[in-house]
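Trainee: Contents of query_25.pdb (PDB, C-alpha atoms):
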ATOM      1  CA  MET A   1       0.000   0.000   0.000
ATOM      2  CA  THR A   2       1.657   3.241  -1.068
ATOM      3  CA  ALA A   3       0.030   6.637  -1.516
ATOM      4  CA  ALA A   4       0.932   9.376  -3.974
ATOM      5  CA  ALA A   5       3.124  12.298  -2.870
ATOM      6  CA  ILE A   6       1.134  15.485  -2.328
ATOM      7  CA  ASP A   7       1.678  19.256  -2.241
ATOM      8  CA  LEU A   8       0.607  20.506   1.189
ATOM      9  CA  ASP A   9       0.726  24.163   0.126
ATOM     10  CA  GLY A  10      -2.951  23.929  -0.788
ATOM     11  CA  GLU A  11      -3.529  24.717   2.909
ATOM     12  CA  LEU A  12      -1.081  27.629   3.035
ATOM     13  CA  GLY A  13      -3.569  30.430   2.317
ATOM     14  CA  ALA A  14      -5.890  29.321   5.121
ATOM     15  CA  ILE A  15      -2.968  28.761   7.510
ATOM     16  CA  VAL A  16      -1.718  32.296   6.825
ATOM     17  CA  ALA A  17      -5.253  33.530   7.578
ATOM     18  CA  GLY A  18      -4.966  31.856  10.995
ATOM     19  CA  ASP A  19      -7.120  28.764  10.426
ATOM     20  CA  PRO A  20      -5.962  26.062  12.888
ATOM     21  CA  ASP A  21      -8.012  23.384  11.081
ATOM     22  CA  ALA A  22      -6.028  24.037   7.909
ATOM     23  CA  PHE A  23      -2.834  23.800   9.924
ATOM     24  CA  ALA A  24      -4.042  20.477  11.363
ATOM     25  CA  ARG A  25      -4.504  19.130   7.825
ATOM     26  CA  TRP A  26      -1.042  20.397   6.918
ATOM     27  CA  VAL A  27       0.508  18.788  10.010
ATOM     28  CA  ALA A  28      -1.149  15.461   9.174
ATOM     29  CA  GLY A  29       0.900  15.364   5.973
ATOM     30  CA  ALA A  30       4.037  17.177   7.119
ATOM     31  CA  GLU A  31       4.769  15.319  10.358
ATOM     32  CA  PRO A  32       6.358  12.174   8.826
ATOM     33  CA  PRO A  33       8.913  14.054   6.659
ATOM     34  CA  LEU A  34       9.733  16.480   9.485
ATOM     35  CA  ARG A  35      10.285  13.595  11.916
ATOM     36  CA  ALA A  36      12.361  11.640   9.402
ATOM     37  CA  SER A  37      14.598  14.671   8.843
ATOM     38  CA  LEU A  38      15.618  14.602  12.527
ATOM     39  CA  ARG A  39      16.647  10.938  12.563
ATOM     40  CA  PRO A  40      20.420  11.648  12.363
ATOM     41  CA  LEU A  41      20.176  13.408  15.745
ATOM     42  CA  ALA A  42      17.921  10.867  17.473
ATOM     43  CA  ALA A  43      20.623   9.782  19.927
ATOM     44  CA  ARG A  44      21.657  13.370  20.727
ATOM     45  CA  VAL A  45      18.452  15.370  21.128
ATOM     46  CA  ASP A  46      14.914  14.396  22.078
ATOM     47  CA  CYS A  47      13.423  14.654  18.584
ATOM     48  CA  GLU A  48       9.834  14.441  19.846
ATOM     49  CA  ALA A  49      10.312  17.631  21.897
ATOM     50  CA  VAL A  50      12.133  19.318  19.000
ATOM     51  CA  LEU A  51       9.430  18.305  16.536
ATOM     52  CA  GLN A  52       6.625  19.685  18.721
ATOM     53  CA  GLU A  53       8.457  22.998  19.121
ATOM     54  CA  ALA A  54       9.194  23.109  15.383
ATOM     55  CA  LEU A  55       5.513  22.598  14.503
ATOM     56  CA  LEU A  56       4.546  25.397  16.866
ATOM     57  CA  ARG A  57       7.181  27.685  15.327
ATOM     58  CA  ILE A  58       5.972  26.821  11.806
ATOM     59  CA  TRP A  59       2.451  27.915  12.764
ATOM     60  CA  GLN A  60       3.856  31.196  14.082
ATOM     61  CA  VAL A  61       6.010  32.006  11.044
ATOM     62  CA  ALA A  62       3.708  30.614   8.315
ATOM     63  CA  PRO A  63       2.425  34.118   7.389
ATOM     64  CA  ARG A  64       5.959  34.910   6.180
ATOM     65  CA  CYS A  65       6.086  31.857   3.890
ATOM     66  CA  ARG A  66       5.713  32.526   0.176
ATOM     67  CA  ARG A  67       4.860  29.896  -2.430
ATOM     68  CA  ASP A  68       7.325  29.471  -5.265
ATOM     69  CA  GLU A  69       7.526  27.310  -8.363
ATOM     70  CA  ARG A  70       8.246  24.188  -6.295
ATOM     71  CA  PRO A  71       5.709  22.253  -4.169
ATOM     72  CA  ASN A  72       5.670  22.227  -0.347
ATOM     73  CA  ALA A  73       7.179  25.659   0.357
ATOM     74  CA  LEU A  74       5.929  25.601   3.967
ATOM     75  CA  LEU A  75       7.308  22.098   4.480
ATOM     76  CA  ARG A  76      10.699  23.190   3.153
ATOM     77  CA  LEU A  77      10.635  26.119   5.585
ATOM     78  CA  GLY A  78       9.565  23.693   8.330
ATOM     79  CA  LEU A  79      12.476  21.363   7.621
ATOM     80  CA  ARG A  80      14.889  24.268   8.111
ATOM     81  CA  ILE A  81      13.144  25.302  11.345
ATOM     82  CA  ALA A  82      13.252  21.736  12.738
ATOM     83  CA  ARG A  83      16.909  21.345  11.822
ATOM     84  CA  ASN A  84      17.866  24.678  13.407
ATOM     85  CA  LEU A  85      15.942  23.921  16.589
ATOM     86  CA  ALA A  86      17.651  20.523  16.841
ATOM     87  CA  ILE A  87      21.067  22.133  16.446
ATOM     88  CA  ASP A  88      20.168  24.825  19.027
ATOM     89  CA  GLU A  89      19.123  22.070  21.428
ATOM     90  CA  LEU A  90      22.362  20.221  20.823
ATOM     91  CA  ARG A  91      24.364  23.388  21.452
ATOM     92  CA  ARG A  92      22.406  24.093  24.609
ATOM     93  CA  ALA A  93      22.964  20.560  25.896
ATOM     94  CA  ARG A  94      26.666  20.129  25.278
ATOM     95  CA  GLY A  95      28.064  22.606  22.784
ATOM     96  CA  LEU A  96      28.604  21.835  19.148
ATOM     97  CA  SER A  97      31.894  19.956  18.748
ATOM     98  CA  ALA A  98      33.666  19.155  15.484
ATOM     99  CA  ASP A  99      31.970  15.737  15.562
ATOM    100  CA  GLU A 100      28.621  17.428  15.941
ATOM    101  CA  GLU A 101      29.312  19.735  13.053
ATOM    102  CA  ALA A 102      29.474  16.543  10.994
ATOM    103  CA  LEU A 103      26.023  15.770  12.357
ATOM    104  CA  GLU A 104      24.834  19.140  11.095
ATOM    105  CA  VAL A 105      25.931  18.066   7.623
ATOM    106  CA  ALA A 106      24.195  14.710   8.109
ATOM    107  CA  LEU A 107      20.998  16.550   9.059
ATOM    108  CA  ALA A 108      21.171  18.623   5.911
ATOM    109  CA  ARG A 109      21.510  15.421   3.901
ATOM    110  CA  ALA A 110      18.865  13.431   5.814
ATOM    111  CA  ALA A 111      16.669  11.229   3.667
ATOM    112  CA  VAL A 112      13.948  13.258   2.034
ATOM    113  CA  VAL A 113      10.518  11.814   2.787
ATOM    114  CA  GLU A 114       7.683  13.257   0.763
ATOM    115  CA  PRO A 115       4.282  13.882   2.341
ATOM    116  CA  ARG A 116       1.673  11.264   1.399
ATOM    117  CA  ALA A 117      -2.099  11.328   1.256
ATOM    118  CA  PRO A 118      -3.851   9.151   3.892
ATOM    119  CA  ASP A 119      -4.780   5.668   2.738
ATOM    120  CA  PRO A 120      -8.440   4.744   3.505
ATOM    121  CA  LEU A 121      -7.719   1.020   3.122
ATOM    122  CA  LEU A 122      -4.990   1.285   5.738
ATOM    123  CA  ARG A 123      -7.351   3.088   8.086
ATOM    124  CA  ARG A 124      -9.912   0.298   7.741
ATOM    125  CA  ALA A 125      -7.292  -2.413   8.338
ATOM    126  CA  ILE A 126      -5.943  -0.688  11.450
ATOM    127  CA  GLU A 127      -9.409  -0.201  12.907
ATOM    128  CA  GLU A 128     -10.176  -3.877  12.335
ATOM    129  CA  CYS A 129      -6.918  -4.903  14.018
ATOM    130  CA  ARG A 130      -7.557  -2.544  16.929
ATOM    131  CA  ARG A 131     -10.951  -4.140  17.599
ATOM    132  CA  ALA A 132      -9.221  -7.543  17.869
ATOM    133  CA  LEU A 133      -6.849  -6.426  20.660
ATOM    134  CA  PRO A 134      -7.128  -8.070  24.093
ATOM    135  CA  GLN A 135      -8.720  -5.894  26.773
ATOM    136  CA  LYS A 136      -5.704  -4.618  28.726
ATOM    137  CA  PRO A 137      -3.473  -3.736  25.758
ATOM    138  CA  ALA A 138      -6.511  -2.113  24.125
ATOM    139  CA  ALA A 139      -7.207  -0.038  27.248
ATOM    140  CA  ALA A 140      -3.577   1.099  27.536
ATOM    141  CA  LEU A 141      -3.411   2.081  23.869
ATOM    142  CA  GLU A 142      -6.754   3.875  24.116
ATOM    143  CA  ALA A 143      -5.497   5.872  27.115
ATOM    144  CA  ARG A 144      -2.416   6.945  25.162
ATOM    145  CA  LEU A 145      -4.501   7.982  22.168
ATOM    146  CA  GLU A 146      -7.084   9.866  24.236
ATOM    147  CA  SER A 147      -4.443  11.725  26.202
ATOM    148  CA  ALA A 148      -2.614  12.796  23.026
ATOM    149  CA  GLY A 149       0.514  13.739  24.902
ATOM    150  CA  ALA A 150      -1.300  15.868  27.472
ATOM    151  CA  GLU A 151      -0.463  13.655  30.463
ATOM    152  CA  PRO A 152       2.480  11.504  31.552
ATOM    153  CA  ASP A 153       2.109   7.723  31.340
ATOM    154  CA  GLN A 154       2.272   7.505  35.143
ATOM    155  CA  ARG A 155      -1.070   9.315  35.353
ATOM    156  CA  LEU A 156      -2.630   7.208  32.584
ATOM    157  CA  ALA A 157      -1.462   4.043  34.360
ATOM    158  CA  GLU A 158      -2.962   5.179  37.668
ATOM    159  CA  ARG A 159      -6.281   5.847  35.972
ATOM    160  CA  LEU A 160      -6.291   2.282  34.634
ATOM    161  CA  ARG A 161      -5.134   0.950  38.027
ATOM    162  CA  MET A 162      -1.973  -0.426  36.503
ATOM    163  CA  LYS A 163       1.617  -0.065  37.605
ATOM    164  CA  LEU A 164       3.605   2.125  35.233
ATOM    165  CA  ASN A 165       5.694  -0.775  33.893
ATOM    166  CA  THR A 166       2.561  -2.887  33.368
ATOM    167  CA  PHE A 167       0.951  -0.012  31.477
ATOM    168  CA  LEU A 168       4.019   0.435  29.271
ATOM    169  CA  GLN A 169       4.224  -3.284  28.567
ATOM    170  CA  ASN A 170       0.549  -3.260  27.584
ATOM    171  CA  VAL A 171       1.129  -0.363  25.177
ATOM    172  CA  THR A 172       4.092  -2.200  23.648
ATOM    173  CA  ARG A 173       2.048  -5.391  23.381
ATOM    174  CA  ALA A 174      -0.833  -3.530  21.732
ATOM    175  CA  LYS A 175       1.497  -2.075  19.111
ATOM    176  CA  LYS A 176       3.138  -5.443  18.446
ATOM    177  CA  LEU A 177      -0.248  -7.117  18.048
ATOM    178  CA  LEU A 178      -1.396  -4.324  15.729
ATOM    179  CA  ALA A 179       1.780  -4.702  13.664
ATOM    180  CA  ALA A 180       1.317  -8.483  13.407
ATOM    181  CA  CYS A 181      -2.339  -8.087  12.440
ATOM    182  CA  LEU A 182      -1.461  -5.452   9.831
ATOM    183  CA  ARG A 183       1.197  -7.757   8.408
ATOM    184  CA  GLU A 184      -1.585 -10.296   7.836
ATOM    185  CA  HIS A 185      -3.356  -7.545   5.872
ATOM    186  CA  GLY A 186      -0.203  -7.012   3.805
ATOM    187  CA  VAL A 187       0.923  -3.815   5.567
ATOM    188  CA  GLU A 188       4.454  -3.470   6.967
ATOM    189  CA  LEU A 189       4.830  -0.633   9.472
ATOM    190  CA  GLU A 190       8.139   0.409   7.908
ATOM    191  CA  GLU A 191       6.176   1.288   4.782
ATOM    192  CA  LEU A 192       4.291   3.886   6.812
ATOM    193  CA  THR A 193       7.305   5.781   8.098
TER     194      THR A 193
ATOM    195  CA  MET B   1      12.457   0.238  34.975
ATOM    196  CA  SER B   2      13.789  -1.831  32.081
ATOM    197  CA  ASP B   3      15.225  -0.237  28.948
ATOM    198  CA  ASP B   4      12.214  -1.503  26.996
ATOM    199  CA  ASP B   5       9.894   0.342  29.390
ATOM    200  CA  LEU B   6      11.983   3.517  29.138
ATOM    201  CA  ILE B   7      11.899   3.266  25.339
ATOM    202  CA  GLU B   8       8.126   2.889  25.337
ATOM    203  CA  GLU B   9       7.714   5.860  27.672
ATOM    204  CA  ALA B  10      10.098   8.038  25.639
ATOM    205  CA  ALA B  11       8.217   7.083  22.462
ATOM    206  CA  SER B  12       5.034   8.732  23.736
ATOM    207  CA  ALA B  13       4.045  12.248  22.691
ATOM    208  CA  PHE B  14       3.994  13.522  26.259
ATOM    209  CA  ARG B  15       6.753  15.999  26.976
ATOM    210  CA  PRO B  16       7.145  18.057  30.158
ATOM    211  CA  ARG B  17       7.060  21.796  29.578
ATOM    212  CA  ASP B  18       9.608  24.308  30.776
ATOM    213  CA  PRO B  19       7.805  26.468  33.372
ATOM    214  CA  ARG B  20       9.788  29.515  32.249
ATOM    215  CA  ASP B  21       8.944  29.576  28.547
ATOM    216  CA  GLY B  22       6.438  26.737  28.045
ATOM    217  CA  ARG B  23       8.723  24.889  25.622
ATOM    218  CA  ALA B  24       8.603  21.095  25.385
ATOM    219  CA  ARG B  25      11.564  19.600  27.210
ATOM    220  CA  PRO B  26      13.210  16.171  26.843
ATOM    221  CA  HIS B  27      11.270  13.330  28.430
ATOM    222  CA  PRO B  28      12.893  12.098  31.695
ATOM    223  CA  ALA B  29      12.803   8.539  30.297
ATOM    224  CA  TRP B  30      14.683   9.724  27.182
ATOM    225  CA  LEU B  31      17.353  11.277  29.425
ATOM    226  CA  ASP B  32      17.816   7.899  31.159
ATOM    227  CA  LEU B  33      18.441   6.027  27.889
ATOM    228  CA  ASP B  34      21.785   5.384  26.212
ATOM    229  CA  ASP B  35      22.328   6.207  22.520
ATOM    230  CA  ALA B  36      20.937   2.889  21.279
ATOM    231  CA  GLY B  37      17.873   3.255  23.491
ATOM    232  CA  ARG B  38      17.256   6.787  22.241
ATOM    233  CA  GLN B  39      17.487   5.621  18.650
ATOM    234  CA  ALA B  40      15.067   2.809  19.463
ATOM    235  CA  ALA B  41      12.652   5.301  21.055
ATOM    236  CA  PHE B  42      12.833   7.489  17.940
ATOM    237  CA  ASP B  43      12.107   4.496  15.701
ATOM    238  CA  ALA B  44       9.253   3.337  17.950
ATOM    239  CA  ALA B  45       7.660   6.791  17.755
ATOM    240  CA  ALA B  46       8.163   6.930  13.983
ATOM    241  CA  ARG B  47       6.345   3.593  13.627
ATOM    242  CA  ALA B  48       3.586   4.493  16.099
ATOM    243  CA  ARG B  49       2.582   7.924  14.778
ATOM    244  CA  PRO B  50       1.184   6.743  11.407
ATOM    245  CA  LEU B  51      -0.861   4.142  13.287
ATOM    246  CA  GLU B  52      -2.196   6.799  15.645
ATOM    247  CA  ALA B  53      -3.010   9.068  12.731
ATOM    248  CA  ALA B  54      -4.862   6.261  10.961
ATOM    249  CA  LEU B  55      -6.916   5.630  14.107
ATOM    250  CA  ASP B  56      -7.823   9.298  14.538
ATOM    251  CA  PRO B  57     -10.922  10.672  12.766
ATOM    252  CA  ALA B  58      -8.977  13.782  11.699
ATOM    253  CA  GLY B  59      -5.923  11.766  10.700
ATOM    254  CA  LEU B  60      -3.768  13.297  13.442
ATOM    255  CA  SER B  61      -1.088  11.576  15.491
ATOM    256  CA  THR B  62      -0.677  12.215  19.218
ATOM    257  CA  THR B  63       2.231  14.539  18.367
ATOM    258  CA  ALA B  64       0.012  16.589  16.080
ATOM    259  CA  ARG B  65      -2.777  16.699  18.663
ATOM    260  CA  ALA B  66      -0.343  17.761  21.412
ATOM    261  CA  VAL B  67       0.815  20.693  19.275
ATOM    262  CA  LEU B  68      -2.672  21.674  18.159
ATOM    263  CA  ALA B  69      -3.819  21.717  21.795
ATOM    264  CA  ARG B  70      -1.248  24.455  22.368
ATOM    265  CA  ILE B  71      -2.523  26.422  19.372
ATOM    266  CA  ARG B  72      -6.214  26.112  20.196
ATOM    267  CA  PRO B  73      -6.535  25.359  23.919
ATOM    268  CA  ARG B  74      -9.772  23.629  24.861
TER     269      ARG B  74
END
Let's see the structure in the file written out as structure tokens.
Mentor:
Amino acid sequence: MTAAAIDLDGELGAIVAGDPDAFARWVAGAEPPLRASLRPLAARVDCEAVLQEALLRIWQVAPRCRRDERPNALLRLGLRIARNLAIDELRRARGLSADEEALEVALARAAVVEPRAPDPLLRRAIEECRRALPQKPAAALEARLESAGAEPDQRLAERLRMKLNTFLQNVTRAKKLLAACLREHGVELEELT
Amino acid sequence: MSDDDLIEEAASAFRPRDPRDGRARPHPAWLDLDDAGRQAAFDAAARARPLEAALDPAGLSTTARAVLARIRPR
């Protein structure tokens, strides 16, 4: 299952006008390439924190973005913002050594992942696999999804009356079961990233 | 906690916020991991987010929803 590459700049006008729903649609397509661009620094900076800050910054500076003859102008701006934030974070943490300057080059050359349109067949397969999950892994995964990063896992675990490590193991198990089920549907998770 | 548990926790979208400027800070579990564990956490998140997005009616991952909550607080 592969989807065609898309130009996310169709949302740019509405984003510039301050429409958060348009930005949400843009983020849905832009997140995978932005995340992939940070992979060379995954052992050095917390890329999840950097990515969230980069997305926020993109929303703030989007009114200054101008379309050009190439697709995905805002994404290209976003890639630069994410890379610069990651390097700032690295500098803040330990200073940028000669070795880390090589990382800066690696970041600039990180694999380019193009944004893809959502695949309705994939959505159906995942929903089917989710319904087949055992109760506790399903509950742990549901808690993660509902929280959407708003609360630490410790709090989610307490709400489910699980110890933190039990909760985490249930989340891991849920994801493994989903991956195995999707494989039966002909979907490899690596294809999605 | 085991490394696997730390990796799972660091792969979530939750990030503590700096009380001074509100910026997302590194997850404490991520700080406890070695380089290989951090890479594994990155890869786990990269595999999980498309699944989350496919399960969400608006097609948004938990990362996307965490950011959008800061843009349009409930």
Trainee: Please report, as CSV, each residue of segment 4-32 of chain B lying at most 9 Å from segment 46-63 of chain B, together with the nearest pair of atoms and the separation in Å rounded to one decimal; use all atoms listed in the file, and order rows by chain and ascending residue number.
Mentor:
residue,atom,partner,partner_atom,distance
B:Ala11,CA,B:Ala48,CA,8.3
B:Ser12,CA,B:Thr62,CA,8.1
B:Ala13,CA,B:Thr63,CA,5.2
B:Phe14,CA,B:Thr63,CA,8.2
Trainee: Pick the closest to chain B from A:Gly78, A:Gly186, A:Pro63, A:Gly18: which is it, counting all atoms listed in the file?
Mentor: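 Among the listed residues, the smallest separation from chain B belongs to A:Gly18.
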Trainee: Starting from the shown file, work through the PyMOL selection byres ((chain B and resi 8) around 9) and note down what comes out as a PyMOL selection string.
Mentor: (chain A and resi 168-169+171-172) or (chain B and resi 3-7+9-12+29+41+44-45)
Trainee: Mind running chain A against chain B at 8 Å and telling me each contacting residue's nearest atom pair with the distance in Å (one decimal), counting all atoms listed in the file, chain and number ascending, as CSV?
Mentor:
residue,atom,partner,partner_atom,distance
A:Pro20,CA,B:Arg72,CA,7.3
A:Ala24,CA,B:Leu68,CA,7.0
A:Arg25,CA,B:Ala58,CA,8.0
A:Val27,CA,B:Ala64,CA,6.5
A:Ala28,CA,B:Leu60,CA,5.5
A:Glu31,CA,B:Ala64,CA,7.5
A:Pro32,CA,B:Ala46,CA,7.6
A:Arg35,CA,B:Ala46,CA,7.3
A:Ala36,CA,B:Ala46,CA,7.8
A:Arg39,CA,B:Phe42,CA,7.4
A:Ala42,CA,B:Gln39,CA,5.4
A:Ala43,CA,B:Asp35,CA,4.7
A:Arg44,CA,B:Asp35,CA,7.4
A:Val45,CA,B:Pro26,CA,7.8
A:Asp46,CA,B:Pro26,CA,5.4
A:Cys47,CA,B:Phe42,CA,7.2
A:Glu48,CA,B:Ala13,CA,6.8
A:Ala49,CA,B:Ala24,CA,5.2
A:Val50,CA,B:Ala24,CA,7.5
A:Gln52,CA,B:Val67,CA,5.9
A:Glu53,CA,B:Ala24,CA,6.5
A:Leu55,CA,B:Val67,CA,7.0
A:Leu56,CA,B:Val67,CA,6.5
A:Pro118,CA,B:Gly59,CA,7.6
A:Leu122,CA,B:Ala54,CA,7.2
A:Arg123,CA,B:Ala54,CA,5.0
A:Ile126,CA,B:Leu55,CA,6.9
A:Glu127,CA,B:Leu55,CA,6.5
A:Arg144,CA,B:Ser12,CA,7.8
A:Leu145,CA,B:Thr62,CA,6.4
A:Ser147,CA,B:Thr62,CA,7.9
A:Ala148,CA,B:Thr62,CA,4.3
A:Gly149,CA,B:Phe14,CA,3.7
A:Ala150,CA,B:Phe14,CA,5.9
A:Glu151,CA,B:Phe14,CA,6.1
A:Pro152,CA,B:Phe14,CA,5.9
A:Asp153,CA,B:Glu9,CA,7.0
A:Asn165,CA,B:Asp5,CA,6.3
A:Leu168,CA,B:Asp5,CA,5.9
A:Gln169,CA,B:Asp5,CA,6.8
A:Val171,CA,B:Glu8,CA,7.7
A:Thr172,CA,B:Glu8,CA,6.7
A:Lys175,CA,B:Ala48,CA,7.5
A:Leu189,CA,B:Arg47,CA,6.1
A:Glu190,CA,B:Arg47,CA,6.8
A:Leu192,CA,B:Pro50,CA,6.2
A:Thr193,CA,B:Arg47,CA,6.0
Trainee: Could you state the separation of atom CA of Val187 of chain A and atom CA of Pro120 of chain A in Å, given to one decimal place?
Mentor: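 Straight-line distance from atom CA of Val187 of chain A to atom CA of Pro120 of chain A works out to 12.9 Å.
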Trainee: On this structure, which residues satisfy the PyMOL selection byres ((chain A and resi 181) around 10), written as a ChimeraX atom specification?
Mentor: /A:125-126,128-130,132-133,175-180,182-188
Trainee: Emit the selected residues as a CSV table (one decimal), in the frame of the given file, including C-alpha atoms.
Mentor:
chain,number,residue,atom,x,y,z
A,125,ALA,CA,-7.3,-2.4,8.3
A,126,ILE,CA,-5.9,-0.7,11.4
A,128,GLU,CA,-10.2,-3.9,12.3
A,129,CYS,CA,-6.9,-4.9,14.0
A,130,ARG,CA,-7.6,-2.5,16.9
A,132,ALA,CA,-9.2,-7.5,17.9
A,133,LEU,CA,-6.8,-6.4,20.7
A,175,LYS,CA,1.5,-2.1,19.1
A,176,LYS,CA,3.1,-5.4,18.4
A,177,LEU,CA,-0.2,-7.1,18.0
A,178,LEU,CA,-1.4,-4.3,15.7
A,179,ALA,CA,1.8,-4.7,13.7
A,180,ALA,CA,1.3,-8.5,13.4
A,182,LEU,CA,-1.5,-5.5,9.8
A,183,ARG,CA,1.2,-7.8,8.4
A,184,GLU,CA,-1.6,-10.3,7.8
A,185,HIS,CA,-3.4,-7.5,5.9
A,186,GLY,CA,-0.2,-7.0,3.8
A,187,VAL,CA,0.9,-3.8,5.6
A,188,GLU,CA,4.5,-3.5,7.0
Trainee: Written as an MDAnalysis selection string, which residues does the PyMOL selection byres ((chain A and resi 65) around 10) give for the file shown?
Mentor: chainID A and resid 12:13 16 58 61:64 66:68 73:78
Trainee: Store the residues picked out above, limited to C-alpha atoms, as a compact mmCIF listing (two decimals), keeping the file's coordinate frame.
Mentor:
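As a result, out-v8.txt now contains:
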# COMPACT_ATOMS: atom_id res chain seq x y z
CA LEU A 12 -1.08 27.63 3.04
CA GLY A 13 -3.57 30.43 2.32
CA VAL A 16 -1.72 32.30 6.82
CA ILE A 58 5.97 26.82 11.81
CA VAL A 61 6.01 32.01 11.04
CA ALA A 62 3.71 30.61 8.32
CA PRO A 63 2.42 34.12 7.39
CA ARG A 64 5.96 34.91 6.18
CA ARG A 66 5.71 32.53 0.18
CA ARG A 67 4.86 29.90 -2.43
CA ASP A 68 7.32 29.47 -5.26
CA ALA A 73 7.18 25.66 0.36
CA LEU A 74 5.93 25.60 3.97
CA LEU A 75 7.31 22.10 4.48
CA ARG A 76 10.70 23.19 3.15
CA LEU A 77 10.64 26.12 5.58
CA GLY A 78 9.56 23.69 8.33
Trainee: Rounded to one decimal, what separation in Å do you get between atom CA of Ser37 of chain A and atom CA of Asp18 of chain B?
Mentor: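 For atom CA of Ser37 of chain A relative to atom CA of Asp18 of chain B, the distance reads 24.5 Å.
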Trainee: Please report the interatomic distance between atom CA of Leu141 of chain A and atom CA of Leu121 of chain A in Å with one decimal.
Mentor: 21.2 Å
Trainee: Can you list, as a PDB file with C-alpha atoms, in the frame of the given file, every protein, DNA or RNA residue that comes within 8 Å of Lys136 of chain A when you count all atoms listed in the file, leaving out same-chain residues fewer than 3 positions away?
Mentor:
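Dumped everything to selection-v3.pdb:
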ATOM      1  CA  ALA A 139      -7.207  -0.038  27.248  1.00  0.00           C
ATOM      2  CA  ALA A 140      -3.577   1.099  27.536  1.00  0.00           C
ATOM      3  CA  ASN A 170       0.549  -3.260  27.584  1.00  0.00           C
TER       4      ASN A 170
END
Trainee: Could segment 7-22 of chain B be completed with N, CA and C atoms and written as a PDB file, in the coordinates of the input, please?
Mentor:
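To be explicit, this is the file written out as out38.pdb:
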ATOM      1  N   ILE B   7      12.072   2.984  26.776  1.00  0.00           N
ATOM      2  CA  ILE B   7      11.899   3.266  25.339  1.00  0.00           C
ATOM      3  C   ILE B   7      10.430   3.528  25.029  1.00  0.00           C
ATOM      4  N   GLU B   8       9.564   2.708  25.588  1.00  0.00           N
ATOM      5  CA  GLU B   8       8.126   2.889  25.337  1.00  0.00           C
ATOM      6  C   GLU B   8       7.654   4.230  25.886  1.00  0.00           C
ATOM      7  N   GLU B   9       8.134   4.590  27.068  1.00  0.00           N
ATOM      8  CA  GLU B   9       7.714   5.860  27.672  1.00  0.00           C
ATOM      9  C   GLU B   9       8.246   7.051  26.858  1.00  0.00           C
ATOM     10  N   ALA B  10       9.502   6.943  26.420  1.00  0.00           N
ATOM     11  CA  ALA B  10      10.098   8.038  25.639  1.00  0.00           C
ATOM     12  C   ALA B  10       9.469   8.148  24.255  1.00  0.00           C
ATOM     13  N   ALA B  11       8.846   7.063  23.793  1.00  0.00           N
ATOM     14  CA  ALA B  11       8.217   7.083  22.462  1.00  0.00           C
ATOM     15  C   ALA B  11       6.835   7.735  22.485  1.00  0.00           C
ATOM     16  N   SER B  12       6.348   8.076  23.668  1.00  0.00           N
ATOM     17  CA  SER B  12       5.034   8.732  23.736  1.00  0.00           C
ATOM     18  C   SER B  12       5.164  10.191  23.303  1.00  0.00           C
ATOM     19  N   ALA B  13       4.025  10.831  23.096  1.00  0.00           N
ATOM     20  CA  ALA B  13       4.045  12.248  22.691  1.00  0.00           C
ATOM     21  C   ALA B  13       4.094  13.181  23.893  1.00  0.00           C
ATOM     22  N   PHE B  14       3.937  12.638  25.088  1.00  0.00           N
ATOM     23  CA  PHE B  14       3.994  13.522  26.259  1.00  0.00           C
ATOM     24  C   PHE B  14       5.400  14.081  26.431  1.00  0.00           C
ATOM     25  N   ARG B  15       5.495  15.368  26.619  1.00  0.00           N
ATOM     26  CA  ARG B  15       6.753  15.999  26.976  1.00  0.00           C
ATOM     27  C   ARG B  15       6.490  17.021  28.069  1.00  0.00           C
ATOM     28  N   PRO B  16       7.315  17.019  29.132  1.00  0.00           N
ATOM     29  CA  PRO B  16       7.145  18.057  30.158  1.00  0.00           C
ATOM     30  C   PRO B  16       7.438  19.425  29.548  1.00  0.00           C
ATOM     31  N   ARG B  17       6.855  20.451  30.126  1.00  0.00           N
ATOM     32  CA  ARG B  17       7.060  21.796  29.578  1.00  0.00           C
ATOM     33  C   ARG B  17       7.909  22.612  30.551  1.00  0.00           C
ATOM     34  N   ASP B  18       8.770  23.424  29.973  1.00  0.00           N
ATOM     35  CA  ASP B  18       9.608  24.308  30.776  1.00  0.00           C
ATOM     36  C   ASP B  18       8.710  25.377  31.403  1.00  0.00           C
ATOM     37  N   PRO B  19       8.709  25.485  32.736  1.00  0.00           N
ATOM     38  CA  PRO B  19       7.805  26.468  33.372  1.00  0.00           C
ATOM     39  C   PRO B  19       8.149  27.907  33.006  1.00  0.00           C
ATOM     40  N   ARG B  20       9.398  28.132  32.552  1.00  0.00           N
ATOM     41  CA  ARG B  20       9.788  29.515  32.249  1.00  0.00           C
ATOM     42  C   ARG B  20       9.239  29.986  30.913  1.00  0.00           C
ATOM     43  N   ASP B  21       9.343  29.122  29.887  1.00  0.00           N
ATOM     44  CA  ASP B  21       8.944  29.576  28.547  1.00  0.00           C
ATOM     45  C   ASP B  21       7.905  28.666  27.890  1.00  0.00           C
ATOM     46  N   GLY B  22       7.490  27.611  28.582  1.00  0.00           N
ATOM     47  CA  GLY B  22       6.438  26.737  28.045  1.00  0.00           C
ATOM     48  C   GLY B  22       6.924  25.761  26.980  1.00  0.00           C
TER      49      GLY B  22
END
